[in-house]
Amino acid sequence: MDTEATAADTSATDSSPAGGSRWFYGCSIAVIALFTLVVLGAAALTEFEKGLDGDGQLEQAGPSGSVSRPLAPGMTARYEDGLWITVSLPQKDDHGVYSLTVTFENDTEEELLLGEEAFPDTLDMEPGESGQDYVPGYDVNWLNRDESASVLAPPLPEGEERTVPVRLKPARTGAPVTLELTPPHAGYRETTHFQVLLG
């Protein structure tokens, strides 16, 4: 009888550490699964939120690209649907003409019609600071408007980019100009403002 009791005690003692290990591994797996569900839930909530306000919204840190908080040359406007727009720094030539580029990068998973006639305001220019009323002496001539429009005209395939040249001649050095970009969208797309100093 004593031998059987001792054997039973020994087997109970031997199985105890294995039971503790199983409990530890089970809890670890449950914690990992819970963490994964939280991360996936947060990602799904973010995508749902984007879907509510539309793919044509800007999403970025820093200046928003709005009239009151325009972007500067060298910065990139990022739309939620994957369209990125970058305006280069202006370069001055010997004749007082400033050249810059506007680059459209299409990661929207669809072809974009940037220069379609129904959307003539994809790329526009206004003399003066963003949101400012007309100021005499800030006149700026867009020398290659037709060329810019023809570069925009062909469809922009998914995964490709297009660089549009812009040549501006201000009435005086140091004149500010605002580039307004409103790429077409099936629903609605925010206008991005870039403020450029020509001088």
# chains A, B, ... in the order shown; residues from 1 in each chain; ligands from 1
>>> residues_around(residues="stretch 90-95 of chain A", least_positions_apart="6", cutoff="10 Å", atoms="only C-alpha atoms", output="number ranges by chain")
A: 73-74, 101, 166-169, 196-199
>>> closest_residue(among="A:Leu156, A:Leu83, A:Val177, A:Leu37", to="A:Leu113", atoms="only C-alpha atoms")
A:Leu156
>>> select_by_dssp(residues="stretch 110-142 of chain A", states="strand (DSSP E or B)", output="PyMOL selection string")
chain A and resi 112+123-127+140-142
>>> residues_around(residues="stretch 142-150 of chain A", least_positions_apart="4", cutoff="10 Å", atoms="only C-alpha atoms", output="list in words")
Val97, Tyr98, Ser99, Thr101, Val102, Leu114, Gly115, Glu116, Glu117, Pro120, Asp121, Thr122, Leu123, Asp124, Met125, Glu126, Pro154, Thr163, Val164, Pro165, Val166, Arg167, Leu168, Lys169 and Pro170 of chain A
>>> closest_residue(among="A:Val38, A:Leu112, A:Leu152, A:Ala175", to="A:Tyr138", atoms="only C-alpha atoms")
A:Ala175
>>> residues_around(residues="A:Ser68", least_positions_apart="2", cutoff="10 Å", atoms="only C-alpha atoms", output="compact mmCIF listing (two decimals) with all heavy atoms, in the first residue's frame")
# COMPACT_ATOMS: atom_id res chain seq x y z
N PRO A 63 2.50 70.92 -42.82
CA PRO A 63 1.51 71.73 -43.54
C PRO A 63 0.54 70.84 -44.30
O PRO A 63 0.92 69.82 -44.86
CB PRO A 63 2.37 72.56 -44.51
CG PRO A 63 3.73 72.58 -43.89
CD PRO A 63 3.87 71.27 -43.17
N SER A 64 -0.72 71.25 -44.32
CA SER A 64 -1.76 70.40 -44.91
C SER A 64 -1.92 70.58 -46.41
O SER A 64 -2.57 69.77 -47.07
CB SER A 64 -3.09 70.71 -44.23
OG SER A 64 -3.46 72.06 -44.48
N GLY A 65 -1.36 71.65 -46.97
CA GLY A 65 -1.56 71.93 -48.38
C GLY A 65 -2.82 72.73 -48.64
O GLY A 65 -3.20 72.96 -49.78
N SER A 66 -3.45 73.20 -47.58
CA SER A 66 -4.66 74.02 -47.71
C SER A 66 -4.27 75.45 -48.08
O SER A 66 -3.09 75.80 -48.12
CB SER A 66 -5.45 74.01 -46.40
OG SER A 66 -4.71 74.63 -45.38
N PRO A 70 -0.11 76.28 -47.02
CA PRO A 70 0.38 75.72 -48.27
C PRO A 70 1.69 74.96 -48.09
O PRO A 70 2.43 75.22 -47.13
CB PRO A 70 0.58 76.95 -49.17
CG PRO A 70 0.83 78.06 -48.21
CD PRO A 70 0.00 77.75 -46.99
N LEU A 71 1.94 74.05 -49.01
CA LEU A 71 3.21 73.33 -49.02
C LEU A 71 4.27 74.18 -49.69
O LEU A 71 3.96 75.09 -50.47
CB LEU A 71 3.05 72.00 -49.76
CG LEU A 71 2.02 71.02 -49.16
CD1 LEU A 71 1.86 69.81 -50.06
CD2 LEU A 71 2.42 70.59 -47.77
N GLU A 129 0.69 85.32 -52.68
CA GLU A 129 0.71 84.29 -51.65
C GLU A 129 -0.63 83.56 -51.61
O GLU A 129 -1.65 84.10 -52.03
CB GLU A 129 1.02 84.91 -50.28
CG GLU A 129 2.40 85.52 -50.20
CD GLU A 129 2.69 86.14 -48.85
OE1 GLU A 129 1.85 85.98 -47.93
OE2 GLU A 129 3.74 86.77 -48.70
N SER A 130 -0.61 82.35 -51.10
CA SER A 130 -1.81 81.54 -51.04
C SER A 130 -2.89 82.22 -50.20
O SER A 130 -2.65 82.64 -49.07
CB SER A 130 -1.47 80.17 -50.42
OG SER A 130 -2.60 79.36 -50.35
N GLY A 131 -4.08 82.38 -50.79
CA GLY A 131 -5.20 82.99 -50.09
C GLY A 131 -5.17 84.50 -50.07
O GLY A 131 -6.07 85.13 -49.52
N GLN A 132 -4.17 85.11 -50.69
CA GLN A 132 -4.04 86.56 -50.67
C GLN A 132 -4.79 87.18 -51.85
O GLN A 132 -4.82 86.61 -52.94
CB GLN A 132 -2.55 86.92 -50.76
CG GLN A 132 -2.24 88.39 -50.74
CD GLN A 132 -0.74 88.64 -50.93
OE1 GLN A 132 -0.14 88.05 -51.83
NE2 GLN A 132 -0.16 89.47 -50.10
N HIS A 193 -2.28 73.28 -52.37
CA HIS A 193 -1.65 74.57 -52.66
C HIS A 193 -0.16 74.50 -52.34
O HIS A 193 0.23 74.08 -51.25
CB HIS A 193 -2.30 75.68 -51.83
CG HIS A 193 -3.77 75.83 -52.09
ND1 HIS A 193 -4.71 75.00 -51.53
CD2 HIS A 193 -4.44 76.71 -52.87
CE1 HIS A 193 -5.91 75.37 -51.94
NE2 HIS A 193 -5.78 76.39 -52.75
>>> closest_residue(among="A:Gly62, A:Gly137, A:Pro183, A:Gly159", to="A:Thr76", atoms="only C-alpha atoms")
A:Gly62
>>> closest_residue(among="A:Gly26, A:Pro155, A:Gly187, A:Gly82", to="A:Asn106", atoms="only C-alpha atoms")
A:Gly82
>>> atom_distance(atom1="atom CA of A:Glu105", atom2="atom CA of A:Thr86")
8.4 Å
>>> select_by_dssp(residues="stretch 7-195 of chain A", states="alpha helix (DSSP H)", output="ChimeraX atom specification")
/A:7-53,145-152
